[in-house]
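Below: one structure, written as structure tokens.
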Amino acid sequence: MTVSAHNPGLPPIIELNSVIKEFGSYRAVDKLSFTVAKGEIVALLGRTGAGKTTVLNLIMGTLAPDSGRVMVAGFDPFRQFSALKGKLAVSFQTDRLLPWRTAVENAELGLLIQGKPKDQARTIASGWLARVNLAGAENKYTHELSGGMRQRVSLARALAVDPELVLLDESFSQLDHVTSHELRQDFCAVAREYGKTCLLVTHRLDDAIEMADRVIVLGPGGHVKLELSLREAATDETVVGRTRSQIAAALGEDTGKQQQNEREE
Ligand SMILES: Nc1ncnc2c1ncn2[C@@H]1O[C@H](COP(=O)(O)OP(=O)(O)OP(=O)(O)O)[C@@H](O)[C@H]1O
């Protein structure tokens, strides 16, 4: 059995081994290797163009690596695309909800696609809406919900199918600072309670610091520039400050400026 480098004993849910991906003559991902163990929340950080979306596409199986190996929950996501149906859920930057469906009708969508009977799907979806603090909003249409509430519906929809892996693609970056902070806290509480494995792809330092067990910073050209465990940092303010500076330096940013930018976004 392969085990995660960071959690010996736990099988990796994501495993990239010396992965190269080129677009024409441009190498977007360069011999990239990392693992994400079952139950871990890992943030993949990088500036624009560092290769985050390319890595996400390799993990989702919508792109094939030119060389190296990508495995997700024991499957090759490109060659065994359908084997990962229901095992992998994605929440994007925009909520991608269907406006003609209510909150609960959106949240139950993945379950219905999986073939769950309608009443069961409704019960499960309502439960997940309650867990992301949306009890009472089940029958509201998307235009009746705030941006933060819509993103909560999107997260409930992702979690409702009970996936092995949740991919969060800049899921909090279009929300104001307070709303995204609350949503990050609530999502992490639920993800940890249910032992969900999450890869959070973001350019925002705050998302990573607040949510992740571990941070991987991609440098330009898609290689690991910095890899840091944040478990110790979570409980110690001085360590948080030092960690923040280390990550900001790897991103090539000034910490104060980065925090200011994130507050203004
Ligand atoms: N289909 C493609 N064809 C050609 N070049 C591509 C393609 N997809 C990505 N690239 C290039 O690969 C590099 C990495 O792109 P990618 O979208 O993965 O970066 P990113 O870190 O997600 O950036 P952003 O934060 O702006 O979304 C960029 O230089 C981009 O122009």
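Just so we're on the same page: first chain in the structure tokens is A, next is B, and so on; residues restart at 1 for each chain, and ligands are numbered from 1 in the order they show up.
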Could you list the protein, DNA and RNA residues that have any atom within 6 Å of ligand 1, counting only C-alpha atoms and all ligand atoms, and write them as a tab-separated table (two decimals) with N, CA and C atoms, in the first residue's frame?
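pocket.tsv was written with the following content:
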chain	number	residue	atom	x	y	z
A	23	PHE	N	2.07	22.92	-22.70
A	23	PHE	CA	1.17	23.43	-23.72
A	23	PHE	C	2.08	23.95	-24.83
A	28	ALA	N	3.92	24.11	-18.24
A	28	ALA	CA	3.07	24.72	-17.18
A	28	ALA	C	3.24	24.01	-15.86
A	46	GLY	N	-0.67	29.85	-5.31
A	46	GLY	CA	0.26	30.28	-6.35
A	46	GLY	C	-0.25	31.54	-6.99
A	47	ARG	N	0.67	32.31	-7.52
A	47	ARG	CA	0.26	33.54	-8.21
A	47	ARG	C	-0.36	33.17	-9.54
A	48	THR	N	-0.96	34.15	-10.17
A	48	THR	CA	-1.59	33.89	-11.46
A	48	THR	C	-0.57	33.32	-12.45
A	49	GLY	N	-0.98	32.26	-13.14
A	49	GLY	CA	-0.13	31.62	-14.13
A	49	GLY	C	0.81	30.57	-13.58
A	50	ALA	N	0.75	30.33	-12.25
A	50	ALA	CA	1.68	29.36	-11.64
A	50	ALA	C	1.34	27.91	-12.01
A	51	GLY	N	0.13	27.68	-12.49
A	51	GLY	CA	-0.24	26.33	-12.91
A	51	GLY	C	-1.30	25.67	-12.05
A	52	LYS	N	-1.97	26.44	-11.20
A	52	LYS	CA	-2.97	25.86	-10.27
A	52	LYS	C	-4.13	25.20	-11.02
A	53	THR	N	-4.68	25.92	-12.01
A	53	THR	CA	-5.82	25.37	-12.75
A	53	THR	C	-5.40	24.13	-13.54
A	54	THR	N	-4.19	24.16	-14.06
A	54	THR	CA	-3.70	22.99	-14.80
A	54	THR	C	-3.63	21.78	-13.88
*Going by DSSP on the backbone, which bits of segment 67-207 of chain A are alpha helix (DSSP H)? Write them as an MDAnalysis selection string, please.*
chainID A and resid 103:107 109:113 118:131 147:160 177:193 205:207
*With distances taken over only C-alpha atoms, which of A:Leu97, A:Val166, A:Val42, A:Cys198 is nearest to Met149 of chain A?*
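Among the listed residues, A:Leu97 lies closest to Met149 of chain A.
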*Please provide the set of residues having any atom within 6 Å of Gly68 of chain A, restricted to only C-alpha atoms, with same-chain residues fewer than 5 positions apart removed, written as JSON, numbers by chain.*
{"A": [17, 18, 19]}
_Set the distance at 10 Å and use only C-alpha atoms: which residues neighbour Thr197 of chain A once local chain neighbours fewer than 5 positions away are removed? I'd like the list as a ChimeraX atom specification._
/A:12-14,36-42,88,163-167,191-192
*Å distance separating atom CA of His203 of chain A from atom CA of Ala64 of chain A, one decimal place*: 23.7 Å
*Pick out the residues sitting within 7 Å of Val29 of chain A, and hand them over as a ChimeraX atom specification; count only C-alpha atoms, and ignore anything fewer than 6 positions along from it in its own chain.*
/A:19-22,51,221-223
*Within 12 Å of segment 128-134 of chain A, counting only C-alpha atoms, which residues show up once you throw out same-chain ones fewer than 6 positions away? Write them as an MDAnalysis selection string, please.*
chainID A and resid 102:108 111 121:122 140 145:146 148:162 182:191 193:194
Write to file, as a short mmCIF file (atom, residue, chain, number, x, y, z; two decimals), in the first residue's frame, the residues of the selection just made, with N, CA and C atoms.
data_model
loop_
_atom_site.label_atom_id
_atom_site.label_comp_id
_atom_site.auth_asym_id
_atom_site.auth_seq_id
_atom_site.Cartn_x
_atom_site.Cartn_y
_atom_site.Cartn_z
N THR A 102 -34.72 25.78 -6.69
CA THR A 102 -34.58 26.35 -5.35
C THR A 102 -33.25 25.86 -4.74
N ALA A 103 -32.94 26.36 -3.53
CA ALA A 103 -31.69 25.96 -2.86
C ALA A 103 -31.62 24.45 -2.71
N VAL A 104 -32.70 23.85 -2.19
CA VAL A 104 -32.65 22.40 -1.96
C VAL A 104 -32.64 21.62 -3.28
N GLU A 105 -33.33 22.17 -4.29
CA GLU A 105 -33.32 21.49 -5.60
C GLU A 105 -31.93 21.53 -6.23
N ASN A 106 -31.18 22.61 -5.95
CA ASN A 106 -29.79 22.67 -6.41
C ASN A 106 -28.92 21.71 -5.62
N ALA A 107 -29.13 21.69 -4.30
CA ALA A 107 -28.27 20.86 -3.43
C ALA A 107 -28.46 19.38 -3.70
N GLU A 108 -29.65 18.98 -4.17
CA GLU A 108 -29.91 17.56 -4.38
C GLU A 108 -29.52 17.07 -5.79
N LEU A 111 -27.13 14.12 -6.28
CA LEU A 111 -27.72 12.87 -5.78
C LEU A 111 -28.70 12.31 -6.80
N ALA A 121 -33.02 11.82 -1.73
CA ALA A 121 -32.15 12.92 -2.16
C ALA A 121 -32.54 14.21 -1.44
N ARG A 122 -33.86 14.43 -1.32
CA ARG A 122 -34.36 15.66 -0.68
C ARG A 122 -33.95 15.70 0.80
N LYS A 140 -35.90 28.80 -1.16
CA LYS A 140 -35.62 30.09 -1.81
C LYS A 140 -34.93 29.84 -3.16
N LEU A 145 -31.13 34.72 -2.63
CA LEU A 145 -30.02 34.42 -1.71
C LEU A 145 -28.87 35.38 -1.92
N SER A 146 -28.11 35.67 -0.84
CA SER A 146 -26.91 36.50 -0.97
C SER A 146 -25.79 35.67 -1.62
N GLY A 148 -22.92 34.89 -0.41
CA GLY A 148 -22.40 33.92 0.57
C GLY A 148 -23.34 32.73 0.71
N MET A 149 -24.66 33.01 0.71
CA MET A 149 -25.64 31.91 0.84
C MET A 149 -25.59 31.01 -0.40
N ARG A 150 -25.43 31.62 -1.56
CA ARG A 150 -25.36 30.81 -2.79
C ARG A 150 -24.13 29.91 -2.75
N GLN A 151 -23.01 30.47 -2.25
CA GLN A 151 -21.80 29.65 -2.17
C GLN A 151 -22.00 28.51 -1.16
N ARG A 152 -22.77 28.77 -0.10
CA ARG A 152 -23.08 27.70 0.86
C ARG A 152 -23.90 26.59 0.19
N VAL A 153 -24.85 26.96 -0.68
CA VAL A 153 -25.64 25.95 -1.40
C VAL A 153 -24.70 25.12 -2.28
N SER A 154 -23.77 25.80 -2.92
CA SER A 154 -22.81 25.11 -3.80
C SER A 154 -21.97 24.11 -2.99
N LEU A 155 -21.57 24.51 -1.77
CA LEU A 155 -20.78 23.60 -0.92
C LEU A 155 -21.65 22.42 -0.44
N ALA A 156 -22.92 22.71 -0.10
CA ALA A 156 -23.82 21.63 0.32
C ALA A 156 -24.00 20.64 -0.83
N ARG A 157 -24.13 21.15 -2.06
CA ARG A 157 -24.28 20.28 -3.23
C ARG A 157 -23.04 19.39 -3.41
N ALA A 158 -21.86 20.00 -3.19
CA ALA A 158 -20.61 19.23 -3.33
C ALA A 158 -20.53 18.13 -2.26
N LEU A 159 -20.90 18.47 -1.01
CA LEU A 159 -20.75 17.51 0.10
C LEU A 159 -21.84 16.44 0.10
N ALA A 160 -23.01 16.77 -0.48
CA ALA A 160 -24.16 15.86 -0.38
C ALA A 160 -23.91 14.50 -1.03
N VAL A 161 -23.05 14.46 -2.04
CA VAL A 161 -22.82 13.18 -2.73
C VAL A 161 -21.81 12.31 -1.97
N ASP A 162 -21.39 12.78 -0.79
CA ASP A 162 -20.44 12.06 0.06
C ASP A 162 -19.16 11.68 -0.72
N GLU A 182 -16.39 33.76 7.52
CA GLU A 182 -17.42 32.91 8.16
C GLU A 182 -17.60 31.60 7.40
N LEU A 183 -17.61 31.71 6.08
CA LEU A 183 -17.83 30.51 5.26
C LEU A 183 -16.66 29.53 5.37
N ARG A 184 -15.45 30.08 5.41
CA ARG A 184 -14.26 29.22 5.56
C ARG A 184 -14.35 28.46 6.88
N GLN A 185 -14.71 29.19 7.95
CA GLN A 185 -14.81 28.56 9.28
C GLN A 185 -15.86 27.45 9.26
N ASP A 186 -17.04 27.77 8.72
CA ASP A 186 -18.14 26.80 8.71
C ASP A 186 -17.79 25.59 7.84
N PHE A 187 -17.18 25.87 6.67
CA PHE A 187 -16.84 24.74 5.80
C PHE A 187 -15.83 23.82 6.47
N CYS A 188 -14.81 24.43 7.10
CA CYS A 188 -13.77 23.62 7.75
C CYS A 188 -14.35 22.77 8.87
N ALA A 189 -15.27 23.37 9.66
CA ALA A 189 -15.86 22.62 10.77
C ALA A 189 -16.58 21.38 10.22
N VAL A 190 -17.35 21.57 9.15
CA VAL A 190 -18.09 20.44 8.56
C VAL A 190 -17.12 19.43 7.94
N ALA A 191 -16.14 19.93 7.19
CA ALA A 191 -15.19 19.03 6.52
C ALA A 191 -14.44 18.19 7.54
N GLU A 193 -15.43 17.51 10.69
CA GLU A 193 -16.36 16.60 11.38
C GLU A 193 -16.58 15.33 10.56
N TYR A 194 -16.66 15.48 9.23
CA TYR A 194 -16.95 14.32 8.38
C TYR A 194 -15.68 13.72 7.77
#
*Who sits within 7 Å of Gln93 of chain A, only C-alpha atoms, same chain under 2 positions skipped, as a ChimeraX atom specification*: /A:95,169-174
Just write the chosen residues, N, CA and C atoms, as a JSON list (two decimals), in the first residue's frame.
[["chain", "number", "residue", "atom", "x", "y", "z"],
["A", 95, "ASP", "N", -20.84, 30.24, -8.05],
["A", 95, "ASP", "CA", -21.59, 29.13, -7.45],
["A", 95, "ASP", "C", -22.15, 28.13, -8.46],
["A", 169, "ASP", "N", -12.14, 25.38, -5.85],
["A", 169, "ASP", "CA", -11.39, 26.21, -6.79],
["A", 169, "ASP", "C", -11.74, 27.68, -6.56],
["A", 170, "GLU", "N", -10.93, 28.37, -5.77],
["A", 170, "GLU", "CA", -11.15, 29.79, -5.45],
["A", 170, "GLU", "C", -12.57, 30.01, -4.94],
["A", 171, "SER", "N", -13.10, 29.05, -4.17],
["A", 171, "SER", "CA", -14.52, 29.07, -3.80],
["A", 171, "SER", "C", -14.92, 30.25, -2.93],
["A", 172, "PHE", "N", -13.95, 30.89, -2.27],
["A", 172, "PHE", "CA", -14.30, 31.96, -1.33],
["A", 172, "PHE", "C", -13.84, 33.32, -1.82],
["A", 173, "SER", "N", -13.21, 33.36, -3.01],
["A", 173, "SER", "CA", -12.49, 34.57, -3.39],
["A", 173, "SER", "C", -13.39, 35.68, -3.94],
["A", 174, "GLN", "N", -14.65, 35.38, -4.25],
["A", 174, "GLN", "CA", -15.50, 36.47, -4.76],
["A", 174, "GLN", "C", -16.35, 37.08, -3.65]]
*Could you please determine the separation between atom CA of Met60 of chain A and atom CA of Pro77 of chain A in Å, to one decimal place?*
6.1 Å
*Report as a PyMOL selection string: the residues of segment 86-243 of chain A with a DSSP assignment of strand (DSSP E), based on the backbone of this structure.*
chain A and resi 88-91+165-169+197-202+214-219+223-229
Take the selection from the previous step and output its residues with N, CA and C atoms, as a PDB file, in the first residue's frame.
ATOM      1  N   LEU A  88     -15.595  12.417  -6.459  1.00  0.00           N
ATOM      2  CA  LEU A  88     -14.920  13.711  -6.524  1.00  0.00           C
ATOM      3  C   LEU A  88     -15.972  14.808  -6.714  1.00  0.00           C
ATOM      4  N   ALA A  89     -15.922  15.846  -5.884  1.00  0.00           N
ATOM      5  CA  ALA A  89     -16.861  16.965  -6.040  1.00  0.00           C
ATOM      6  C   ALA A  89     -16.058  18.253  -6.123  1.00  0.00           C
ATOM      7  N   VAL A  90     -16.573  19.185  -6.900  1.00  0.00           N
ATOM      8  CA  VAL A  90     -15.847  20.441  -7.100  1.00  0.00           C
ATOM      9  C   VAL A  90     -16.756  21.621  -6.779  1.00  0.00           C
ATOM     10  N   SER A  91     -16.208  22.590  -6.056  1.00  0.00           N
ATOM     11  CA  SER A  91     -16.927  23.839  -5.834  1.00  0.00           C
ATOM     12  C   SER A  91     -16.076  24.953  -6.438  1.00  0.00           C
ATOM     13  N   LEU A 165     -13.228  13.131  -2.217  1.00  0.00           N
ATOM     14  CA  LEU A 165     -12.373  14.307  -2.347  1.00  0.00           C
ATOM     15  C   LEU A 165     -13.207  15.515  -2.752  1.00  0.00           C
ATOM     16  N   VAL A 166     -12.993  16.650  -2.045  1.00  0.00           N
ATOM     17  CA  VAL A 166     -13.648  17.898  -2.429  1.00  0.00           C
ATOM     18  C   VAL A 166     -12.569  18.849  -2.942  1.00  0.00           C
ATOM     19  N   LEU A 167     -12.760  19.325  -4.161  1.00  0.00           N
ATOM     20  CA  LEU A 167     -11.843  20.315  -4.725  1.00  0.00           C
ATOM     21  C   LEU A 167     -12.516  21.675  -4.632  1.00  0.00           C
ATOM     22  N   LEU A 168     -11.823  22.619  -4.027  1.00  0.00           N
ATOM     23  CA  LEU A 168     -12.370  23.977  -3.890  1.00  0.00           C
ATOM     24  C   LEU A 168     -11.536  24.900  -4.769  1.00  0.00           C
ATOM     25  N   ASP A 169     -12.136  25.381  -5.848  1.00  0.00           N
ATOM     26  CA  ASP A 169     -11.390  26.209  -6.791  1.00  0.00           C
ATOM     27  C   ASP A 169     -11.737  27.679  -6.563  1.00  0.00           C
ATOM     28  N   THR A 197     -11.551  14.870   2.687  1.00  0.00           N
ATOM     29  CA  THR A 197     -10.261  15.257   2.115  1.00  0.00           C
ATOM     30  C   THR A 197     -10.517  16.426   1.169  1.00  0.00           C
ATOM     31  N   CYS A 198      -9.772  17.516   1.341  1.00  0.00           N
ATOM     32  CA  CYS A 198     -10.036  18.710   0.520  1.00  0.00           C
ATOM     33  C   CYS A 198      -8.740  19.270  -0.058  1.00  0.00           C
ATOM     34  N   LEU A 199      -8.789  19.622  -1.319  1.00  0.00           N
ATOM     35  CA  LEU A 199      -7.710  20.408  -1.909  1.00  0.00           C
ATOM     36  C   LEU A 199      -8.296  21.761  -2.270  1.00  0.00           C
ATOM     37  N   LEU A 200      -7.739  22.776  -1.654  1.00  0.00           N
ATOM     38  CA  LEU A 200      -8.214  24.139  -1.840  1.00  0.00           C
ATOM     39  C   LEU A 200      -7.228  24.858  -2.751  1.00  0.00           C
ATOM     40  N   VAL A 201      -7.698  25.262  -3.927  1.00  0.00           N
ATOM     41  CA  VAL A 201      -6.820  25.961  -4.862  1.00  0.00           C
ATOM     42  C   VAL A 201      -7.119  27.443  -4.764  1.00  0.00           C
ATOM     43  N   THR A 202      -6.124  28.226  -4.446  1.00  0.00           N
ATOM     44  CA  THR A 202      -6.380  29.650  -4.193  1.00  0.00           C
ATOM     45  C   THR A 202      -5.133  30.506  -4.422  1.00  0.00           C
ATOM     46  N   ARG A 214      -1.989  21.947   5.635  1.00  0.00           N
ATOM     47  CA  ARG A 214      -0.699  22.033   4.949  1.00  0.00           C
ATOM     48  C   ARG A 214      -0.859  22.930   3.731  1.00  0.00           C
ATOM     49  N   VAL A 215       0.204  23.677   3.430  1.00  0.00           N
ATOM     50  CA  VAL A 215       0.188  24.580   2.281  1.00  0.00           C
ATOM     51  C   VAL A 215       1.280  24.179   1.298  1.00  0.00           C
ATOM     52  N   ILE A 216       0.905  24.149   0.030  1.00  0.00           N
ATOM     53  CA  ILE A 216       1.904  23.922  -1.016  1.00  0.00           C
ATOM     54  C   ILE A 216       1.884  25.163  -1.902  1.00  0.00           C
ATOM     55  N   VAL A 217       3.026  25.843  -1.998  1.00  0.00           N
ATOM     56  CA  VAL A 217       3.094  27.037  -2.847  1.00  0.00           C
ATOM     57  C   VAL A 217       3.742  26.644  -4.169  1.00  0.00           C
ATOM     58  N   LEU A 218       3.020  26.912  -5.262  1.00  0.00           N
ATOM     59  CA  LEU A 218       3.574  26.650  -6.593  1.00  0.00           C
ATOM     60  C   LEU A 218       4.305  27.887  -7.087  1.00  0.00           C
ATOM     61  N   GLY A 219       5.506  27.668  -7.577  1.00  0.00           N
ATOM     62  CA  GLY A 219       6.256  28.769  -8.188  1.00  0.00           C
ATOM     63  C   GLY A 219       5.930  28.828  -9.664  1.00  0.00           C
ATOM     64  N   HIS A 223       6.192  24.236 -10.187  1.00  0.00           N
ATOM     65  CA  HIS A 223       6.952  23.338  -9.323  1.00  0.00           C
ATOM     66  C   HIS A 223       6.708  23.762  -7.874  1.00  0.00           C
ATOM     67  N   VAL A 224       7.001  22.864  -6.917  1.00  0.00           N
ATOM     68  CA  VAL A 224       6.756  23.202  -5.504  1.00  0.00           C
ATOM     69  C   VAL A 224       7.840  24.155  -5.023  1.00  0.00           C
ATOM     70  N   LYS A 225       7.422  25.366  -4.626  1.00  0.00           N
ATOM     71  CA  LYS A 225       8.385  26.349  -4.137  1.00  0.00           C
ATOM     72  C   LYS A 225       8.502  26.265  -2.623  1.00  0.00           C
ATOM     73  N   LEU A 226       7.390  25.931  -1.971  1.00  0.00           N
ATOM     74  CA  LEU A 226       7.387  25.834  -0.508  1.00  0.00           C
ATOM     75  C   LEU A 226       6.292  24.868  -0.086  1.00  0.00           C
ATOM     76  N   GLU A 227       6.593  24.043   0.911  1.00  0.00           N
ATOM     77  CA  GLU A 227       5.584  23.146   1.464  1.00  0.00           C
ATOM     78  C   GLU A 227       5.682  23.260   2.978  1.00  0.00           C
ATOM     79  N   LEU A 228       4.569  23.575   3.632  1.00  0.00           N
ATOM     80  CA  LEU A 228       4.591  23.862   5.075  1.00  0.00           C
ATOM     81  C   LEU A 228       3.407  23.217   5.763  1.00  0.00           C
ATOM     82  N   SER A 229       3.651  22.591   6.913  1.00  0.00           N
ATOM     83  CA  SER A 229       2.536  22.126   7.730  1.00  0.00           C
ATOM     84  C   SER A 229       2.053  23.296   8.567  1.00  0.00           C
TER      85      SER A 229
END
*asked:* Would you compute the distance between atom CA of Val178 of chain A and atom CA of Asp207 of chain A? Give it in Å to one decimal.
replied: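 Computing it gives 12.1 Å between the two atoms.
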